[in-house]
Amino acid sequence: MKLGILVNEGPYTHEASDTAYQFAKAALAKGHEISRVFFYHDGVNNGTRLTVPPQDDRNVVKRWSELAAAHKLDLVLCIAAAQRRGLMDKGEAKRHGKDADNIAPGFRISGLGQLIETGIEADRLVVFGD
Amino acid sequence: MAEEDGGGTVKRFLYVNRKAPHGTIYAHESLEVVLIGAAFEQDVSLAFVGDGVYQLVKGQDTKGLESKNFSPTFRALEDYDVTKLYVEQEALEARGLGEADLVVPVQVVSAARLAEIMEAQDVVLSF
């Protein structure tokens with residue numbers, strides 16, 4: 001089955017991102033395809049490479065990056081939500097005159113249309129949030 | 001069920017709004033998805049359940065909060081061909097509200113009927 005995933009909460013405060021990750025991992029292991037993981041609301045905070053969690057805790061951001069690298073996943077941060085919350089790739093940083101970018105490997109920034117497109121293309125869109 | 005329509009897939013999208021409008025950003029950002037999604041010419045419905053019914057209440061004034069009052073935008077949805085707005089009857093009644101308190105015309109339906117409406121969708125986005 002072709003699955004789309006929507007993550008609506010940031011890492012650590014909320015379990016939604018953990019659950020979405022475990023779901024994605026299990027679905028891939030069962031041979032399902034994941035057409036896209038879209039991050040919205042505070043979910044965009046899953047895409048910052050500047051997190052430094054304690055060593056005895058899971059690294060939520062790194063886990064997503066590694067899963068994306070292993071399975072060629074398309075991890076998309078909503079641009080409008082990302083702009084509000086300070087998530088930038090190099091292009092966005094330059095465009096807005098900011099002195100840094102902070103997006104983690106495997107993530108890209110794009111528009112909400114990508115979420116709708118995933119809803120249309122996927123057999124199921126699974127939402128993880130509050 | 002999805003149907004092919006001139007090469008483009010048309011699916012039934014339901015946006016479920018569950019939260020009050022200004023305490024968290026969910027309601028505001030949900031409306032942004034609806035507006036962007038309207039360009040994709042899908043079969044769109046909105047449902048307002050629980051505290052989500054407060055999103056549609058008339059006379060909201062957010063000046064003191066210094067946040068955006070996006071409730072007038074619901075009146076513009078008609079221009080985007082988004083006209084199916086369902087409001088949970090039990091949620092309205094529990095909050096002492098009626099149809100006359102809302103900024104747009106809606107269909108007030110029971111929670112049981114809303115469950116049937118949800119069942120008939122292809123994509124359910126809950127905010």
# chains A, B, ... in the order shown; residues from 1 in each chain; ligands from 1
$ select_by_dssp --residues "chain A" --states "helix (DSSP H, G or I)" --output "JSON, numbers by chain"
{"A": [16, 17, 18, 19, 20, 21, 22, 23, 24, 25, 26, 27, 28, 29, 41, 42, 43, 44, 45, 46, 47, 60, 61, 62, 63, 64, 65, 66, 67, 68, 69, 70, 71, 79, 80, 81, 82, 83, 84, 85, 90, 91, 92, 93, 94, 95, 113, 114, 115, 116, 117, 118, 119, 120, 121]}
$ closest_atom_pairs --of "chain A" --to "chain B" --cutoff "8 Å" --atoms "only C-alpha atoms" --output "JSON lines"
{"residue": "A:His41", "atom": "CA", "partner": "B:Tyr26", "partner_atom": "CA", "distance": 7.1}
{"residue": "A:Leu112", "atom": "CA", "partner": "B:Val33", "partner_atom": "CA", "distance": 6.4}
{"residue": "A:Gly113", "atom": "CA", "partner": "B:Ile36", "partner_atom": "CA", "distance": 6.4}
{"residue": "A:Ile116", "atom": "CA", "partner": "B:Gly37", "partner_atom": "CA", "distance": 6.0}
{"residue": "A:Gly119", "atom": "CA", "partner": "B:Val123", "partner_atom": "CA", "distance": 6.3}
{"residue": "A:Ile120", "atom": "CA", "partner": "B:Lys11", "partner_atom": "CA", "distance": 6.5}
{"residue": "A:Arg124", "atom": "CA", "partner": "B:Val123", "partner_atom": "CA", "distance": 7.3}
{"residue": "A:Leu125", "atom": "CA", "partner": "B:Val123", "partner_atom": "CA", "distance": 6.5}
{"residue": "A:Val127", "atom": "CA", "partner": "B:Leu125", "partner_atom": "CA", "distance": 6.8}
{"residue": "A:Gly129", "atom": "CA", "partner": "B:Phe127", "partner_atom": "CA", "distance": 8.0}
$ write_last_selection --atoms "N, CA and C atoms" --output "short mmCIF file (atom, residue, chain, number, x, y, z; two decimals), in the first residue's frame"
data_model
loop_
_atom_site.label_atom_id
_atom_site.label_comp_id
_atom_site.auth_asym_id
_atom_site.auth_seq_id
_atom_site.Cartn_x
_atom_site.Cartn_y
_atom_site.Cartn_z
N HIS A 41 2.40 22.41 11.35
CA HIS A 41 2.35 23.00 12.70
C HIS A 41 3.75 22.93 13.34
N LEU A 112 2.29 23.79 1.08
CA LEU A 112 1.18 22.96 1.55
C LEU A 112 0.56 22.11 0.43
N GLY A 113 0.76 22.55 -0.81
CA GLY A 113 0.24 21.78 -1.94
C GLY A 113 0.77 20.34 -1.94
N ILE A 116 -1.57 18.18 0.09
CA ILE A 116 -2.79 17.84 -0.65
C ILE A 116 -2.47 16.78 -1.70
N GLY A 119 -2.25 13.47 -0.21
CA GLY A 119 -3.60 12.96 0.07
C GLY A 119 -4.23 12.37 -1.18
N ILE A 120 -3.96 13.00 -2.33
CA ILE A 120 -4.55 12.53 -3.58
C ILE A 120 -3.86 11.25 -4.06
N ARG A 124 -3.59 5.81 1.56
CA ARG A 124 -4.02 6.26 2.88
C ARG A 124 -3.13 7.40 3.34
N LEU A 125 -3.74 8.44 3.91
CA LEU A 125 -2.96 9.49 4.55
C LEU A 125 -3.17 9.34 6.06
N VAL A 127 -2.54 10.59 9.86
CA VAL A 127 -2.23 11.84 10.57
C VAL A 127 -1.80 11.54 12.00
N GLY A 129 -0.91 13.52 15.49
CA GLY A 129 -0.95 14.84 16.12
C GLY A 129 -1.59 14.79 17.49
#
$ closest_residue --among "B:Pro72, B:Val108, B:Gly98, B:Ile117" --to "B:Leu31" --atoms "only C-alpha atoms"
B:Pro72
$ residues_around --residues "A:Ala24" --least-positions-apart "3" --cutoff "12 Å" --atoms "only C-alpha atoms" --output "VMD selection string"
chain A and resid 2 to 7 17 to 21 27 to 37 63 to 64 67 to 68 71 73 75 125 to 128
$ write_last_selection --atoms "N, CA and C atoms" --output "CSV table (one decimal), in the first residue's frame"
chain,number,residue,atom,x,y,z
A,2,LYS,N,0.4,2.3,-0.7
A,2,LYS,CA,1.1,3.5,-0.7
A,2,LYS,C,0.6,4.5,0.4
A,3,LEU,N,1.5,4.8,1.3
A,3,LEU,CA,1.1,5.6,2.5
A,3,LEU,C,1.6,7.0,2.4
A,4,GLY,N,0.8,8.0,2.9
A,4,GLY,CA,1.3,9.3,3.2
A,4,GLY,C,1.2,9.5,4.7
A,5,ILE,N,2.2,10.3,5.2
A,5,ILE,CA,2.2,10.5,6.7
A,5,ILE,C,2.2,12.0,6.9
A,6,LEU,N,1.4,12.5,7.9
A,6,LEU,CA,1.4,13.9,8.3
A,6,LEU,C,1.7,13.9,9.8
A,7,VAL,N,2.8,14.7,10.1
A,7,VAL,CA,3.2,14.9,11.5
A,7,VAL,C,2.9,16.3,11.9
A,17,SER,N,5.5,12.5,16.9
A,17,SER,CA,6.6,12.3,16.0
A,17,SER,C,7.2,10.9,16.2
A,18,ASP,N,7.3,10.5,17.5
A,18,ASP,CA,7.9,9.1,17.8
A,18,ASP,C,6.9,8.1,17.2
A,19,THR,N,5.6,8.2,17.4
A,19,THR,CA,4.7,7.3,16.9
A,19,THR,C,4.7,7.2,15.3
A,20,ALA,N,4.8,8.4,14.7
A,20,ALA,CA,4.8,8.4,13.3
A,20,ALA,C,6.1,7.7,12.8
A,21,TYR,N,7.2,7.9,13.4
A,21,TYR,CA,8.5,7.3,13.0
A,21,TYR,C,8.3,5.8,13.2
A,27,ALA,N,5.8,0.1,8.7
A,27,ALA,CA,5.2,0.0,7.4
A,27,ALA,C,6.2,-0.4,6.3
A,28,LEU,N,7.4,0.2,6.4
A,28,LEU,CA,8.4,-0.1,5.4
A,28,LEU,C,8.9,-1.5,5.5
A,29,ALA,N,9.0,-2.0,6.8
A,29,ALA,CA,9.5,-3.3,7.0
A,29,ALA,C,8.5,-4.3,6.5
A,30,LYS,N,7.2,-4.0,6.4
A,30,LYS,CA,6.2,-4.8,5.9
A,30,LYS,C,6.1,-4.7,4.4
A,31,GLY,N,6.9,-3.9,3.8
A,31,GLY,CA,6.9,-3.8,2.3
A,31,GLY,C,6.0,-2.7,1.8
A,32,HIS,N,5.4,-1.8,2.6
A,32,HIS,CA,4.6,-0.7,2.1
A,32,HIS,C,5.5,0.4,1.6
A,33,GLU,N,4.9,1.2,0.8
A,33,GLU,CA,5.7,2.4,0.2
A,33,GLU,C,5.2,3.6,1.0
A,34,ILE,N,6.1,4.5,1.3
A,34,ILE,CA,5.7,5.8,1.9
A,34,ILE,C,6.0,6.9,0.9
A,35,SER,N,5.0,7.5,0.4
A,35,SER,CA,5.2,8.4,-0.7
A,35,SER,C,5.8,9.8,-0.2
A,36,ARG,N,5.4,10.1,1.0
A,36,ARG,CA,5.9,11.4,1.6
A,36,ARG,C,5.6,11.5,3.1
A,37,VAL,N,6.5,12.1,3.8
A,37,VAL,CA,6.1,12.5,5.2
A,37,VAL,C,6.1,14.0,5.2
A,63,ARG,N,17.0,10.3,13.7
A,63,ARG,CA,16.2,9.0,13.3
A,63,ARG,C,15.5,9.2,12.0
A,64,TRP,N,14.8,10.4,11.9
A,64,TRP,CA,14.1,10.7,10.6
A,64,TRP,C,15.1,10.8,9.5
A,67,LEU,N,16.3,7.3,8.5
A,67,LEU,CA,15.2,6.6,7.8
A,67,LEU,C,15.1,7.0,6.4
A,68,ALA,N,15.2,8.4,6.2
A,68,ALA,CA,15.0,8.9,4.9
A,68,ALA,C,16.2,8.5,4.0
A,71,HIS,N,15.7,4.7,3.0
A,71,HIS,CA,14.6,4.3,2.2
A,71,HIS,C,14.2,5.4,1.2
A,73,LEU,N,13.2,8.4,1.6
A,73,LEU,CA,11.9,9.0,1.9
A,73,LEU,C,12.0,10.5,1.6
A,75,LEU,N,11.0,13.8,3.0
A,75,LEU,CA,10.5,14.5,4.2
A,75,LEU,C,10.4,16.0,3.9
A,125,LEU,N,-3.7,8.4,3.9
A,125,LEU,CA,-3.0,9.5,4.5
A,125,LEU,C,-3.2,9.3,6.1
A,126,VAL,N,-2.1,9.1,6.8
A,126,VAL,CA,-2.2,8.8,8.2
A,126,VAL,C,-1.7,10.1,9.0
A,127,VAL,N,-2.5,10.6,9.9
A,127,VAL,CA,-2.2,11.8,10.6
A,127,VAL,C,-1.8,11.5,12.0
A,128,PHE,N,-0.7,12.1,12.4
A,128,PHE,CA,-0.2,12.0,13.8
A,128,PHE,C,-0.1,13.3,14.4
$ closest_residue --among "A:Thr51, A:Ala80, A:Leu87, A:Arg95" --to "A:Ser110" --atoms "only C-alpha atoms"
A:Ala80
$ closest_residue --among "B:Glu119, B:Ser67, B:Thr24, B:Asp43" --to "B:Asp81" --atoms "only C-alpha atoms"
B:Asp43
$ atom_distance --atom1 "atom CA of B:Leu56" --atom2 "atom CA of A:Glu9"
24.3 Å
$ select_by_dssp --residues "chain A" --states "strand (DSSP E or B)" --output "list of chain:residue names"
A:Lys2, A:Leu3, A:Gly4, A:Ile5, A:Leu6, A:Val7, A:Glu33, A:Ile34, A:Ser35, A:Arg36, A:Val37, A:Phe38, A:Phe39, A:Thr48, A:Leu75, A:Val76, A:Leu77, A:Cys78, A:Ile103, A:Phe107, A:Arg108, A:Ile109, A:Ser110, A:Arg124, A:Leu125, A:Val126, A:Val127, A:Phe128
$ write_last_selection --atoms "C-alpha atoms" --output "compact mmCIF listing (two decimals), in the first residue's frame"
# COMPACT_ATOMS: atom_id res chain seq x y z
CA LYS A 2 1.15 3.54 -0.72
CA LEU A 3 1.06 5.59 2.47
CA GLY A 4 1.33 9.30 3.17
CA ILE A 5 2.16 10.54 6.67
CA LEU A 6 1.35 13.88 8.30
CA VAL A 7 3.21 14.85 11.49
CA GLU A 33 5.66 2.35 0.24
CA ILE A 34 5.73 5.80 1.90
CA SER A 35 5.20 8.44 -0.73
CA ARG A 36 5.91 11.39 1.57
CA VAL A 37 6.15 12.47 5.20
CA PHE A 38 4.79 15.99 5.59
CA PHE A 39 5.55 18.05 8.70
CA THR A 48 16.20 21.15 12.65
CA LEU A 75 10.54 14.47 4.20
CA VAL A 76 8.84 17.82 3.61
CA LEU A 77 8.56 20.75 6.03
CA CYS A 78 5.68 23.12 5.29
CA ILE A 103 17.55 22.17 8.17
CA PHE A 107 14.45 17.18 4.82
CA ARG A 108 13.33 19.78 2.32
CA ILE A 109 11.06 22.81 2.57
CA SER A 110 8.04 23.12 0.30
CA ARG A 124 -4.02 6.26 2.88
CA LEU A 125 -2.96 9.49 4.55
CA VAL A 126 -2.19 8.84 8.21
CA VAL A 127 -2.23 11.84 10.57
CA PHE A 128 -0.17 11.97 13.78
$ residues_around --residues "A:Lys98" --least-positions-apart "4" --cutoff "12 Å" --atoms "only C-alpha atoms" --output "list of chain:residue names"
A:Gln83, A:Gly86, A:Leu87, A:Met88, A:Asp89, A:Lys90, A:Gly91, A:Glu92, A:Ala93, A:Lys94, A:Asn102
$ write_last_selection --atoms "N, CA and C atoms" --output "PDB file, in the first residue's frame"
ATOM      1  N   GLN A  83       8.549  28.980   8.264  1.00  0.00           N
ATOM      2  CA  GLN A  83       8.917  30.399   8.355  1.00  0.00           C
ATOM      3  C   GLN A  83       8.501  30.981   9.704  1.00  0.00           C
ATOM      4  N   GLY A  86      11.080  29.500  12.402  1.00  0.00           N
ATOM      5  CA  GLY A  86      12.533  29.632  12.302  1.00  0.00           C
ATOM      6  C   GLY A  86      13.253  28.425  11.741  1.00  0.00           C
ATOM      7  N   LEU A  87      12.606  27.685  10.836  1.00  0.00           N
ATOM      8  CA  LEU A  87      13.272  26.573  10.148  1.00  0.00           C
ATOM      9  C   LEU A  87      13.654  27.069   8.754  1.00  0.00           C
ATOM     10  N   MET A  88      14.935  26.967   8.403  1.00  0.00           N
ATOM     11  CA  MET A  88      15.420  27.545   7.147  1.00  0.00           C
ATOM     12  C   MET A  88      16.341  26.577   6.422  1.00  0.00           C
ATOM     13  N   ASP A  89      16.194  26.518   5.106  1.00  0.00           N
ATOM     14  CA  ASP A  89      17.264  25.902   4.316  1.00  0.00           C
ATOM     15  C   ASP A  89      18.119  27.053   3.766  1.00  0.00           C
ATOM     16  N   LYS A  90      19.161  26.706   3.029  1.00  0.00           N
ATOM     17  CA  LYS A  90      20.093  27.751   2.564  1.00  0.00           C
ATOM     18  C   LYS A  90      19.376  28.810   1.719  1.00  0.00           C
ATOM     19  N   GLY A  91      18.510  28.348   0.824  1.00  0.00           N
ATOM     20  CA  GLY A  91      17.808  29.261  -0.083  1.00  0.00           C
ATOM     21  C   GLY A  91      16.904  30.219   0.671  1.00  0.00           C
ATOM     22  N   GLU A  92      16.164  29.686   1.635  1.00  0.00           N
ATOM     23  CA  GLU A  92      15.254  30.506   2.439  1.00  0.00           C
ATOM     24  C   GLU A  92      16.024  31.519   3.277  1.00  0.00           C
ATOM     25  N   ALA A  93      17.146  31.077   3.855  1.00  0.00           N
ATOM     26  CA  ALA A  93      17.966  31.961   4.692  1.00  0.00           C
ATOM     27  C   ALA A  93      18.457  33.139   3.857  1.00  0.00           C
ATOM     28  N   LYS A  94      18.885  32.838   2.646  1.00  0.00           N
ATOM     29  CA  LYS A  94      19.408  33.875   1.766  1.00  0.00           C
ATOM     30  C   LYS A  94      18.276  34.849   1.381  1.00  0.00           C
ATOM     31  N   ASN A 102      19.241  25.874   9.162  1.00  0.00           N
ATOM     32  CA  ASN A 102      19.274  24.850  10.213  1.00  0.00           C
ATOM     33  C   ASN A 102      18.569  23.554   9.839  1.00  0.00           C
TER      34      ASN A 102
END
$ residues_around --residues "B:Tyr86" --least-positions-apart "5" --cutoff "8 Å" --atoms "only C-alpha atoms" --output "ChimeraX atom specification"
/B:45-48,106-109,114
